[in-house]
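To be precise, the following lines are data.txt, and they hold compact mmCIF, C-alpha atoms and all ligand atoms.
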# COMPACT_ATOMS: atom_id res chain seq x y z
CA MET A 1 -33.56 8.15 -0.07
CA ILE A 2 -36.20 6.80 2.29
CA ILE A 3 -34.24 3.72 3.35
CA PRO A 4 -31.95 4.25 6.36
CA LEU A 5 -28.34 3.25 5.89
CA ALA A 6 -26.59 0.57 7.91
CA HIS A 7 -24.66 2.07 10.82
CA ARG A 8 -21.38 1.18 9.10
CA ALA A 9 -22.33 3.20 6.03
CA ASP A 10 -23.52 6.06 8.22
CA GLN A 11 -20.18 6.16 9.99
CA ALA A 12 -17.87 5.46 7.05
CA GLN A 13 -16.43 8.34 5.12
CA GLU A 14 -15.80 8.20 1.40
CA TYR A 15 -12.11 7.52 0.71
CA TYR A 16 -10.23 10.85 0.51
CA PHE A 17 -8.90 10.21 -2.98
CA SER A 18 -12.33 9.17 -4.22
CA VAL A 19 -13.59 12.65 -3.26
CA LYS A 20 -10.52 14.64 -4.24
CA LEU A 21 -9.95 12.98 -7.60
CA ALA A 22 -13.54 13.86 -8.52
CA GLU A 23 -12.53 17.50 -7.93
CA VAL A 24 -9.43 16.96 -10.09
CA ARG A 25 -11.61 15.50 -12.88
CA LYS A 26 -13.91 18.53 -12.71
CA LEU A 27 -10.95 20.87 -13.16
CA VAL A 28 -9.68 18.78 -16.08
CA ALA A 29 -13.16 18.77 -17.65
CA ALA A 30 -13.14 22.57 -17.37
CA GLY A 31 -9.97 22.58 -19.49
CA HIS A 32 -7.28 22.89 -16.80
CA ASP A 33 -4.03 20.96 -17.11
CA VAL A 34 -3.81 19.41 -13.63
CA ILE A 35 -0.48 17.82 -12.64
CA ASN A 36 -1.35 14.99 -10.30
CA ILE A 37 1.56 14.18 -8.00
CA GLY A 38 -0.78 13.13 -5.23
CA ILE A 39 -1.37 9.44 -5.80
CA GLY A 40 0.76 6.32 -6.06
CA ASN A 41 -0.55 5.24 -9.43
CA PRO A 42 2.37 3.93 -11.53
CA ASP A 43 2.50 5.65 -14.93
CA MET A 44 4.94 3.18 -16.47
CA MET A 45 3.96 0.12 -18.50
CA PRO A 46 3.99 -3.49 -17.38
CA SER A 47 6.65 -5.56 -19.19
CA ASP A 48 6.04 -6.51 -22.83
CA ALA A 49 5.87 -10.18 -21.85
CA THR A 50 3.01 -9.31 -19.48
CA LEU A 51 1.01 -7.56 -22.20
CA ASP A 52 1.68 -10.31 -24.74
CA ALA A 53 0.50 -12.95 -22.30
CA LEU A 54 -2.66 -10.95 -21.59
CA GLU A 55 -3.53 -10.74 -25.26
CA THR A 56 -2.71 -14.37 -26.07
CA SER A 57 -4.68 -15.60 -23.11
CA ALA A 58 -7.68 -13.34 -23.73
CA ARG A 59 -7.98 -14.78 -27.27
CA GLN A 60 -8.32 -18.36 -26.04
CA PRO A 61 -11.92 -19.56 -26.41
CA GLY A 62 -11.93 -21.08 -22.93
CA ALA A 63 -10.54 -18.01 -21.17
CA HIS A 64 -13.72 -16.19 -20.30
CA GLY A 65 -15.42 -18.39 -17.77
CA TYR A 66 -15.33 -18.31 -13.99
CA GLN A 67 -12.02 -19.23 -12.48
CA SER A 68 -11.06 -21.20 -9.42
CA TYR A 69 -11.47 -19.33 -6.11
CA LYS A 70 -7.84 -20.17 -5.30
CA GLY A 71 -6.38 -18.98 -8.62
CA ILE A 72 -4.80 -21.17 -11.29
CA PRO A 73 -1.95 -23.45 -10.16
CA ALA A 74 0.47 -21.73 -12.58
CA PHE A 75 -0.13 -18.35 -10.90
CA ARG A 76 0.40 -19.74 -7.41
CA ALA A 77 3.53 -21.52 -8.62
CA ALA A 78 4.82 -18.24 -10.10
CA ILE A 79 4.19 -16.44 -6.79
CA ALA A 80 6.09 -19.18 -4.95
CA ARG A 81 9.04 -18.79 -7.36
CA PHE A 82 8.89 -14.98 -6.90
CA TYR A 83 8.98 -15.34 -3.10
CA ALA A 84 11.91 -17.75 -3.29
CA HIS A 85 13.85 -15.48 -5.68
CA THR A 86 12.98 -12.11 -4.13
CA TYR A 87 12.86 -12.87 -0.40
CA ASP A 88 14.42 -16.32 -0.07
CA VAL A 89 11.14 -17.55 1.41
CA ALA A 90 9.72 -20.97 0.52
CA LEU A 91 5.94 -21.05 0.12
CA ASP A 92 3.88 -24.12 -0.73
CA PRO A 93 1.94 -23.01 -3.83
CA GLU A 94 -0.87 -25.46 -3.04
CA THR A 95 -1.60 -24.34 0.49
CA GLU A 96 0.19 -21.10 1.44
CA ILE A 97 -0.88 -18.62 -1.26
CA LEU A 98 -4.25 -17.04 -1.97
CA PRO A 99 -4.53 -14.71 -5.01
CA LEU A 100 -6.46 -11.51 -4.32
CA ILE A 101 -8.06 -8.74 -6.34
CA GLY A 102 -5.39 -6.33 -5.11
CA SER A 103 -4.07 -6.26 -1.58
CA LYS A 104 -6.66 -3.65 -0.53
CA GLU A 105 -9.25 -6.40 -0.91
CA GLY A 106 -7.21 -8.60 1.41
CA ILE A 107 -7.52 -6.04 4.22
CA THR A 108 -11.28 -6.54 4.15
CA HIS A 109 -11.10 -10.35 3.95
CA LEU A 110 -8.64 -10.61 6.83
CA SER A 111 -10.82 -8.31 8.92
CA LEU A 112 -13.99 -10.26 8.13
CA THR A 113 -12.21 -13.52 8.90
CA PHE A 114 -10.65 -12.63 12.23
CA LEU A 115 -12.49 -9.74 13.88
CA ASN A 116 -15.59 -9.95 16.02
CA ASP A 117 -17.57 -6.92 17.08
CA GLY A 118 -15.56 -5.09 19.75
CA ASP A 119 -12.27 -6.90 19.12
CA ARG A 120 -9.35 -4.53 19.33
CA VAL A 121 -7.15 -3.81 16.29
CA LEU A 122 -3.93 -1.82 16.41
CA VAL A 123 -3.25 0.29 13.33
CA PRO A 124 -0.20 2.48 12.70
CA GLU A 125 -0.62 6.18 13.22
CA LEU A 126 0.42 7.12 10.38
CA GLY A 127 -0.68 4.50 7.89
CA TYR A 128 -2.71 3.41 4.89
CA PRO A 129 -6.27 4.61 5.65
CA ALA A 130 -7.96 1.32 4.72
CA TYR A 131 -6.69 -0.48 7.87
CA ARG A 132 -8.67 1.87 10.08
CA ALA A 133 -11.70 2.23 7.79
CA VAL A 134 -12.23 -1.49 7.28
CA SER A 135 -11.68 -2.28 10.97
CA GLN A 136 -14.37 0.25 11.83
CA MET A 137 -16.72 -1.22 9.24
CA VAL A 138 -16.55 -4.64 10.88
CA GLY A 139 -17.28 -3.11 14.30
CA ALA A 140 -13.79 -3.48 15.74
CA ASP A 141 -12.29 -1.21 18.38
CA VAL A 142 -9.52 0.59 16.46
CA GLN A 143 -6.53 1.89 18.39
CA GLU A 144 -3.70 3.77 16.75
CA TYR A 145 -0.18 2.87 17.82
CA PRO A 146 2.40 5.66 17.62
CA LEU A 147 5.39 5.69 15.30
CA LEU A 148 8.54 7.39 16.52
CA GLU A 149 9.46 10.23 14.20
CA ASN A 150 12.98 10.60 15.60
CA GLU A 151 13.58 6.86 15.16
CA ASN A 152 12.65 6.88 11.47
CA TRP A 153 9.02 6.08 12.13
CA GLN A 154 9.55 2.73 13.86
CA PRO A 155 6.65 1.51 16.02
CA ASP A 156 6.75 2.56 19.66
CA TRP A 157 6.63 -1.00 21.06
CA ASN A 158 6.21 0.12 24.67
CA ALA A 159 3.23 2.29 23.81
CA MET A 160 1.89 -0.57 21.75
CA ALA A 161 2.15 -3.03 24.65
CA ASP A 162 0.08 -0.62 26.75
CA LEU A 163 -2.67 -0.72 24.12
CA VAL A 164 -3.00 -4.51 24.20
CA THR A 165 -5.96 -5.94 26.12
CA GLU A 166 -7.36 -9.46 26.13
CA LYS A 167 -9.67 -8.30 23.31
CA THR A 168 -6.74 -7.39 21.05
CA LYS A 169 -6.77 -9.61 18.01
CA MET A 170 -4.85 -8.00 15.19
CA ILE A 171 -2.01 -5.60 14.38
CA TRP A 172 -1.40 -3.94 11.01
CA LEU A 173 2.21 -3.41 10.01
CA ASN A 174 3.60 -1.99 6.74
CA TYR A 175 7.33 -1.61 5.97
CA PRO A 176 8.67 -0.16 3.73
CA HIS A 177 6.20 2.21 5.30
CA MET A 178 3.67 4.30 3.47
CA PRO A 179 3.52 7.32 3.72
CA THR A 180 6.85 7.99 5.46
CA GLY A 181 9.10 5.81 3.26
CA ALA A 182 10.76 4.23 6.33
CA PRO A 183 12.47 0.99 5.26
CA ALA A 184 11.88 -2.55 6.50
CA THR A 185 14.65 -4.06 8.63
CA ARG A 186 15.13 -7.57 9.95
CA ALA A 187 15.42 -6.19 13.49
CA LEU A 188 12.03 -4.48 13.18
CA PHE A 189 10.38 -7.62 11.81
CA GLU A 190 11.95 -9.83 14.49
CA ARG A 191 10.64 -7.49 17.15
CA ALA A 192 7.18 -7.54 15.55
CA VAL A 193 7.04 -11.33 15.44
CA ARG A 194 8.17 -11.54 19.07
CA PHE A 195 5.50 -9.02 20.04
CA ALA A 196 2.81 -11.02 18.22
CA HIS A 197 3.88 -14.22 20.02
CA ASP A 198 4.08 -12.53 23.42
CA HIS A 199 0.61 -11.02 23.08
CA ARG A 200 -1.02 -13.77 20.99
CA VAL A 201 -2.21 -11.40 18.26
CA LEU A 202 -2.33 -11.79 14.50
CA LEU A 203 0.32 -9.70 12.76
CA CYS A 204 -0.90 -8.60 9.33
CA HIS A 205 1.97 -7.30 7.25
CA ASP A 206 1.21 -5.29 4.12
CA ASN A 207 4.20 -5.40 1.77
CA PRO A 208 3.48 -3.65 -1.55
CA TYR A 209 6.58 -1.40 -1.66
CA SER A 210 9.47 -3.80 -1.00
CA LEU A 211 10.85 -3.50 -4.56
CA ILE A 212 10.39 0.25 -5.08
CA LEU A 213 13.55 2.31 -4.53
CA ASN A 214 14.68 -0.16 -1.87
CA LYS A 215 18.22 0.52 -0.71
CA LYS A 216 18.78 -3.03 0.60
CA PRO A 217 17.53 -6.44 -0.56
CA PRO A 218 13.77 -6.65 -0.02
CA ILE A 219 12.48 -8.51 3.05
CA SER A 220 9.35 -10.55 3.63
CA LEU A 221 8.04 -10.78 7.19
CA LEU A 222 7.57 -14.50 6.55
CA SER A 223 11.37 -14.91 6.43
CA ILE A 224 11.51 -14.32 10.19
CA ASP A 225 11.68 -17.38 12.47
CA GLY A 226 8.35 -18.05 14.12
CA ALA A 227 6.44 -15.72 11.78
CA ARG A 228 4.21 -18.36 10.23
CA GLU A 229 2.43 -19.13 13.50
CA VAL A 230 1.36 -15.52 14.10
CA ALA A 231 1.75 -13.56 10.86
CA VAL A 232 0.28 -13.24 7.38
CA GLU A 233 1.58 -11.12 4.52
CA LEU A 234 -0.27 -9.22 1.80
CA ASN A 235 1.62 -8.49 -1.38
CA SER A 236 0.66 -6.75 -4.58
CA MET A 237 1.66 -6.34 -8.22
CA SER A 238 0.22 -2.80 -8.35
CA LYS A 239 3.48 -0.97 -7.69
CA SER A 240 6.20 -3.58 -8.19
CA HIS A 241 4.98 -4.60 -11.67
CA ASN A 242 3.17 -1.41 -12.78
CA MET A 243 -0.17 -3.23 -12.68
CA ALA A 244 -2.27 -1.12 -10.30
CA GLY A 245 -5.36 -1.10 -12.50
CA TRP A 246 -5.26 -4.84 -13.05
CA ARG A 247 -6.18 -5.52 -9.44
CA ILE A 248 -3.91 -8.39 -8.62
CA GLY A 249 -2.10 -9.36 -5.45
CA TRP A 250 -2.11 -12.19 -2.92
CA LEU A 251 -2.05 -13.33 0.68
CA ALA A 252 0.89 -15.50 1.79
CA ALA A 253 0.52 -17.38 5.06
CA ALA A 254 0.42 -20.77 6.75
CA ARG A 255 -2.29 -23.09 5.47
CA SER A 256 -4.72 -22.61 8.35
CA TYR A 257 -4.84 -18.83 7.75
CA ILE A 258 -5.23 -19.23 3.98
CA ASP A 259 -8.06 -21.76 4.41
CA ALA A 260 -9.90 -19.49 6.84
CA VAL A 261 -9.68 -16.45 4.55
CA LEU A 262 -10.72 -18.53 1.53
CA THR A 263 -13.88 -19.57 3.37
CA ILE A 264 -14.91 -15.92 3.57
CA LYS A 265 -13.55 -14.80 0.20
CA SER A 266 -15.17 -17.60 -1.80
CA ASN A 267 -18.54 -16.19 -0.72
CA VAL A 268 -17.66 -12.70 -1.96
CA ASP A 269 -16.06 -12.94 -5.42
CA SER A 270 -15.63 -15.58 -8.07
CA GLY A 271 -11.94 -15.57 -8.91
CA THR A 272 -9.80 -13.49 -11.24
CA PHE A 273 -10.00 -13.34 -15.05
CA LEU A 274 -7.75 -16.06 -16.49
CA ALA A 275 -5.88 -13.67 -18.81
CA ILE A 276 -4.93 -11.46 -15.86
CA GLN A 277 -3.60 -14.46 -13.98
CA GLN A 278 -1.63 -15.71 -16.98
CA ALA A 279 -0.23 -12.23 -17.62
CA ALA A 280 0.71 -12.04 -13.94
CA VAL A 281 2.66 -15.29 -14.35
CA ALA A 282 4.68 -13.58 -17.11
CA ALA A 283 5.13 -10.41 -15.02
CA LEU A 284 6.42 -12.35 -12.02
CA ALA A 285 9.20 -13.64 -14.26
CA ASN A 286 10.37 -10.06 -15.05
CA SER A 287 14.15 -9.97 -14.76
CA ASP A 288 16.01 -8.21 -11.97
CA ASP A 289 17.12 -5.82 -14.67
CA TRP A 290 13.51 -4.89 -15.47
CA HIS A 291 13.02 -3.96 -11.81
CA ARG A 292 16.29 -1.99 -11.81
CA GLN A 293 15.21 -0.01 -14.85
CA ARG A 294 11.87 0.86 -13.26
CA ASN A 295 13.65 2.08 -10.16
CA ALA A 296 16.12 4.07 -12.27
CA VAL A 297 13.17 6.03 -13.70
CA TYR A 298 11.82 6.79 -10.21
CA GLU A 299 15.34 7.71 -9.07
CA ASP A 300 15.65 10.10 -11.99
CA ARG A 301 12.47 11.90 -10.85
CA LEU A 302 13.70 12.49 -7.32
CA ASP A 303 15.54 15.73 -8.16
CA ALA A 304 12.38 17.30 -9.52
CA ALA A 305 10.28 16.10 -6.57
CA LYS A 306 12.86 17.45 -4.12
CA ALA A 307 13.01 20.78 -5.98
CA PHE A 308 9.20 20.96 -5.59
CA LEU A 309 9.46 20.37 -1.84
CA ASP A 310 12.40 22.79 -1.52
CA ALA A 311 10.40 25.50 -3.25
CA LEU A 312 7.70 25.07 -0.60
CA GLY A 313 10.33 25.21 2.17
CA CYS A 314 9.61 21.62 3.26
CA THR A 315 12.11 19.31 4.98
CA TYR A 316 12.49 15.59 4.25
CA THR A 317 14.91 12.71 4.68
CA ASN A 318 16.92 11.26 1.82
CA ASP A 319 16.63 7.57 2.62
CA GLN A 320 12.96 7.05 1.82
CA GLU A 321 11.81 3.90 0.01
CA GLY A 322 8.67 3.45 -2.07
CA MET A 323 7.30 5.81 -4.71
CA PHE A 324 6.70 8.92 -2.60
CA LEU A 325 8.49 11.66 -0.75
CA TRP A 326 7.14 12.48 2.67
CA ALA A 327 7.96 15.99 3.78
CA ARG A 328 7.37 18.29 6.73
CA LEU A 329 5.80 21.68 6.12
CA PRO A 330 7.63 24.82 7.20
CA ASP A 331 6.04 26.88 10.00
CA SER A 332 5.23 29.57 7.44
CA ILE A 333 2.56 27.32 5.89
CA ALA A 334 -0.47 27.39 8.14
CA SER A 335 -2.10 24.09 7.17
CA ALA A 336 -1.72 21.22 4.73
CA GLU A 337 -5.41 21.40 3.85
CA VAL A 338 -5.19 25.04 2.80
CA LEU A 339 -1.94 24.39 0.91
CA VAL A 340 -3.40 21.40 -0.99
CA ASP A 341 -6.42 23.41 -2.10
CA GLU A 342 -4.33 26.46 -2.95
CA LEU A 343 -2.10 24.31 -5.14
CA LEU A 344 -5.01 22.44 -6.71
CA TYR A 345 -7.27 25.38 -7.48
CA ASN A 346 -4.72 28.13 -8.18
CA ARG A 347 -1.72 26.20 -9.58
CA HIS A 348 -3.49 23.06 -10.80
CA VAL A 349 -1.06 20.79 -8.98
CA PHE A 350 -2.46 18.00 -6.82
CA ILE A 351 -0.48 16.65 -3.82
CA ALA A 352 -1.64 14.53 -0.86
CA PRO A 353 -2.02 16.14 2.59
CA GLY A 354 -0.43 14.12 5.40
CA PHE A 355 -3.51 14.14 7.65
CA ILE A 356 -5.28 11.54 5.52
CA PHE A 357 -2.80 9.00 6.94
CA GLY A 358 -3.51 10.00 10.56
CA PRO A 359 -3.50 13.09 12.79
CA LYS A 360 0.30 12.98 13.15
CA GLY A 361 0.43 13.82 9.45
CA ASN A 362 -1.11 17.27 9.97
CA ARG A 363 2.14 19.08 9.29
CA TYR A 364 3.19 16.87 6.35
CA ILE A 365 2.55 16.39 2.67
CA ARG A 366 3.21 13.44 0.36
CA VAL A 367 4.46 13.87 -3.19
CA SER A 368 4.33 10.98 -5.65
CA LEU A 369 7.01 9.99 -8.16
CA CYS A 370 4.42 8.52 -10.54
CA MET A 371 4.70 11.31 -13.12
CA PRO A 372 7.28 11.92 -15.86
CA LYS A 373 10.02 14.18 -14.53
CA GLU A 374 9.14 16.92 -17.07
CA ARG A 375 5.69 17.12 -15.48
CA ILE A 376 7.14 17.33 -11.98
CA TRP A 377 9.49 20.11 -13.14
CA ALA A 378 6.44 21.84 -14.65
CA ALA A 379 4.83 21.68 -11.19
CA VAL A 380 8.00 23.31 -9.76
CA GLU A 381 7.65 26.11 -12.30
CA ARG A 382 4.05 26.71 -11.24
CA LEU A 383 5.22 27.28 -7.66
CA LYS A 384 7.37 30.20 -8.70
CA THR A 385 4.31 32.41 -8.79
CA VAL A 386 3.04 31.33 -5.34
C1 LIG A 401 0.33 0.56 2.07
C2 LIG A 401 -0.59 0.15 0.98
N1 LIG A 401 -1.22 -1.03 1.07
C3 LIG A 401 -2.06 -1.45 0.11
C4 LIG A 401 -2.31 -0.69 -1.00
C5 LIG A 401 -3.28 -1.19 -2.02
O1 LIG A 401 -2.66 -1.92 -3.02
P1 LIG A 401 -3.47 -2.74 -4.09
O2 LIG A 401 -3.45 -1.96 -5.35
O3 LIG A 401 -2.75 -4.04 -4.20
O4 LIG A 401 -4.87 -2.96 -3.59
C6 LIG A 401 -1.69 0.54 -1.15
C7 LIG A 401 -1.99 1.38 -2.33
O5 LIG A 401 -1.76 2.52 -2.44
C8 LIG A 401 -0.80 0.97 -0.14
O6 LIG A 401 -0.17 2.16 -0.20

Go through the file and emit its structure as structure tokens.
Amino acid sequence: MIIPLAHRADQAQEYYFSVKLAEVRKLVAAGHDVINIGIGNPDMMPSDATLDALETSARQPGAHGYQSYKGIPAFRAAIARFYAHTYDVALDPETEILPLIGSKEGITHLSLTFLNDGDRVLVPELGYPAYRAVSQMVGADVQEYPLLENENWQPDWNAMADLVTEKTKMIWLNYPHMPTGAPATRALFERAVRFAHDHRVLLCHDNPYSLILNKKPPISLLSIDGAREVAVELNSMSKSHNMAGWRIGWLAAARSYIDAVLTIKSNVDSGTFLAIQQAAVAALANSDDWHRQRNAVYEDRLDAAKAFLDALGCTYTNDQEGMFLWARLPDSIASAEVLVDELLYNRHVFIAPGFIFGPKGNRYIRVSLCMPKERIWAAVERLKTV
């Protein structure tokens, strides 16, 4: 290529899974039966009502045109009902909800909306890699704030305060936490909102796992007093409704934040396919029992996932939420990178190495529950020859 790249493209690295899953596909194309317990890609179906609504809607003659940038009113109303039912949080569907093409998209829009070149962003070390990558792409100064392993991966607020300068604009927070499975608590969220007020920074909470294997009723950061002035919340149907490939989520926030993000977003995409929005309305009405049954399936896979980790000699806690198990490697395993490749190329089992979530993850791996338990047990069997 004779055209030089933009600096941001020069500096950015392709997403780890984008690279690694290409390797997995190559192995599969060569005839190998790869068991992928690396990624959080739900293997279960959306509810029947969701699929019926998709089909009915897609067959309407008027369904295929551009949609409103703010989503259809029925979808925003369904999100408001879901927030009221799930989190006891009242949202105005007209002004406080912005549908997104997945919450990953929202990370970019929030960053484009609020960050100037050189503004400081605090991201969790460990955390979802997109917070750091997108912040870097928009020219922000990314600082990682530590999580305290012996306090179940809660933020180290004192260390965080030391990282704040007058250029600090934004903090990323995500509980239930990925990858460690640490739960959300009201005390943690209250502390976060206080911190955001004290330091006048925007608190961006990413909340896709609140309904997956949660031990206590799910919490929204927006339920905390004073949150609406300083905080916004991303949410997603990828995990909670088994709709990862549909690309549907939303931003919930006070009107001024929603309006500002819409200004940016309306210049980038042109809304979401009507049938997806109408199916999402049906999905958001899934009963509590539907959610319980989904969690019962994940629960039923835990024994196999733990047996896999036990066979490797890993240690892990039993109170993790979300669809993964996060586990520490034994000293006998020299490195996660070597282990992941050994398992992928010699046993045809794919797991995620902890370092992709930050340097503190060097001695960890993440195993996903998004595979039928028979397949996870098959992965355990393959370890017996290691
Ligand atoms: C913490 C976290 N945030 C956001 C996302 C992206 O979700 P979505 O599918 O809604 O873009 C993921 C997906 O794995 C995630 O783990």

List as JSON lines every residue of chain A that is in contact with ligand LIG 401 (chain A), defined as an atom at most 9 Å from one of its atoms (using all atoms listed in the file), together with the nearest atom pair and the distance in Å rounded to one decimal, sorted by chain and then rising number.
{"residue": "A:Ile39", "atom": "CA", "partner": "A:LIG401", "partner_atom": "O5", "distance": 7.7}
{"residue": "A:Gly40", "atom": "CA", "partner": "A:LIG401", "partner_atom": "O5", "distance": 5.8}
{"residue": "A:Asn41", "atom": "CA", "partner": "A:LIG401", "partner_atom": "O5", "distance": 7.6}
{"residue": "A:Leu100", "atom": "CA", "partner": "A:LIG401", "partner_atom": "O3", "distance": 8.3}
{"residue": "A:Ile101", "atom": "CA", "partner": "A:LIG401", "partner_atom": "O4", "distance": 7.2}
{"residue": "A:Gly102", "atom": "CA", "partner": "A:LIG401", "partner_atom": "O3", "distance": 3.6}
{"residue": "A:Ser103", "atom": "CA", "partner": "A:LIG401", "partner_atom": "O3", "distance": 3.7}
{"residue": "A:Lys104", "atom": "CA", "partner": "A:LIG401", "partner_atom": "O4", "distance": 3.6}
{"residue": "A:Glu105", "atom": "CA", "partner": "A:LIG401", "partner_atom": "O4", "distance": 6.2}
{"residue": "A:Gly106", "atom": "CA", "partner": "A:LIG401", "partner_atom": "O4", "distance": 7.9}
{"residue": "A:Ile107", "atom": "CA", "partner": "A:LIG401", "partner_atom": "C3", "distance": 8.2}
{"residue": "A:Gly127", "atom": "CA", "partner": "A:LIG401", "partner_atom": "C1", "distance": 7.1}
{"residue": "A:Tyr128", "atom": "CA", "partner": "A:LIG401", "partner_atom": "C1", "distance": 5.0}
{"residue": "A:Pro129", "atom": "CA", "partner": "A:LIG401", "partner_atom": "C1", "distance": 8.5}
{"residue": "A:Ala130", "atom": "CA", "partner": "A:LIG401", "partner_atom": "C3", "distance": 8.0}
{"residue": "A:Tyr131", "atom": "CA", "partner": "A:LIG401", "partner_atom": "N1", "distance": 8.7}
{"residue": "A:Asn174", "atom": "CA", "partner": "A:LIG401", "partner_atom": "C1", "distance": 6.2}
{"residue": "A:Tyr175", "atom": "CA", "partner": "A:LIG401", "partner_atom": "C1", "distance": 8.3}
{"residue": "A:Pro176", "atom": "CA", "partner": "A:LIG401", "partner_atom": "C1", "distance": 8.5}
{"residue": "A:His177", "atom": "CA", "partner": "A:LIG401", "partner_atom": "C1", "distance": 6.9}
{"residue": "A:Met178", "atom": "CA", "partner": "A:LIG401", "partner_atom": "C1", "distance": 5.2}
{"residue": "A:Pro179", "atom": "CA", "partner": "A:LIG401", "partner_atom": "O6", "distance": 7.5}
{"residue": "A:Asp206", "atom": "CA", "partner": "A:LIG401", "partner_atom": "N1", "distance": 5.8}
{"residue": "A:Asn207", "atom": "CA", "partner": "A:LIG401", "partner_atom": "N1", "distance": 7.0}
{"residue": "A:Pro208", "atom": "CA", "partner": "A:LIG401", "partner_atom": "N1", "distance": 6.0}
{"residue": "A:Tyr209", "atom": "CA", "partner": "A:LIG401", "partner_atom": "C1", "distance": 7.5}
{"residue": "A:Leu234", "atom": "CA", "partner": "A:LIG401", "partner_atom": "C3", "distance": 8.2}
{"residue": "A:Asn235", "atom": "CA", "partner": "A:LIG401", "partner_atom": "O3", "distance": 6.8}
{"residue": "A:Ser236", "atom": "CA", "partner": "A:LIG401", "partner_atom": "O3", "distance": 4.4}
{"residue": "A:Met237", "atom": "CA", "partner": "A:LIG401", "partner_atom": "O3", "distance": 6.4}
{"residue": "A:Ser238", "atom": "CA", "partner": "A:LIG401", "partner_atom": "O2", "distance": 4.8}
{"residue": "A:Lys239", "atom": "CA", "partner": "A:LIG401", "partner_atom": "O2", "distance": 7.4}
{"residue": "A:Met243", "atom": "CA", "partner": "A:LIG401", "partner_atom": "O2", "distance": 8.1}
{"residue": "A:Ala244", "atom": "CA", "partner": "A:LIG401", "partner_atom": "O2", "distance": 5.2}
{"residue": "A:Gly245", "atom": "CA", "partner": "A:LIG401", "partner_atom": "O2", "distance": 7.5}
{"residue": "A:Trp246", "atom": "CA", "partner": "A:LIG401", "partner_atom": "O2", "distance": 8.4}
{"residue": "A:Arg247", "atom": "CA", "partner": "A:LIG401", "partner_atom": "O2", "distance": 6.1}
{"residue": "A:Ile248", "atom": "CA", "partner": "A:LIG401", "partner_atom": "O3", "distance": 6.3}
{"residue": "A:Gly249", "atom": "CA", "partner": "A:LIG401", "partner_atom": "O3", "distance": 5.5}
{"residue": "A:Trp250", "atom": "CA", "partner": "A:LIG401", "partner_atom": "O3", "distance": 8.3}

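Between CA of Cys314 in chain A and CA of Ile365 in chain A lies a distance of 8.8 Å.
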
Review point. So which residues touch Ser332 in chain A within 12 Å, counting all atoms listed in the file, skipping near sequence neighbours fewer than 3 positions away, as an MDAnalysis selection string?
Key: chainID A and resid 312:314 328:329 335:336 339 363

Practice item. Rounded to one decimal place, report the CA of Ser287 in chain A-CA of Ser47 in chain A distance in Å. Key: 9.8 Å

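The smallest atom-to-atom distance between Ser266 in chain A and any of A:Gly71, A:Cys204, A:Asp10, A:Leu27, using all atoms listed in the file, is found for A:Gly71.
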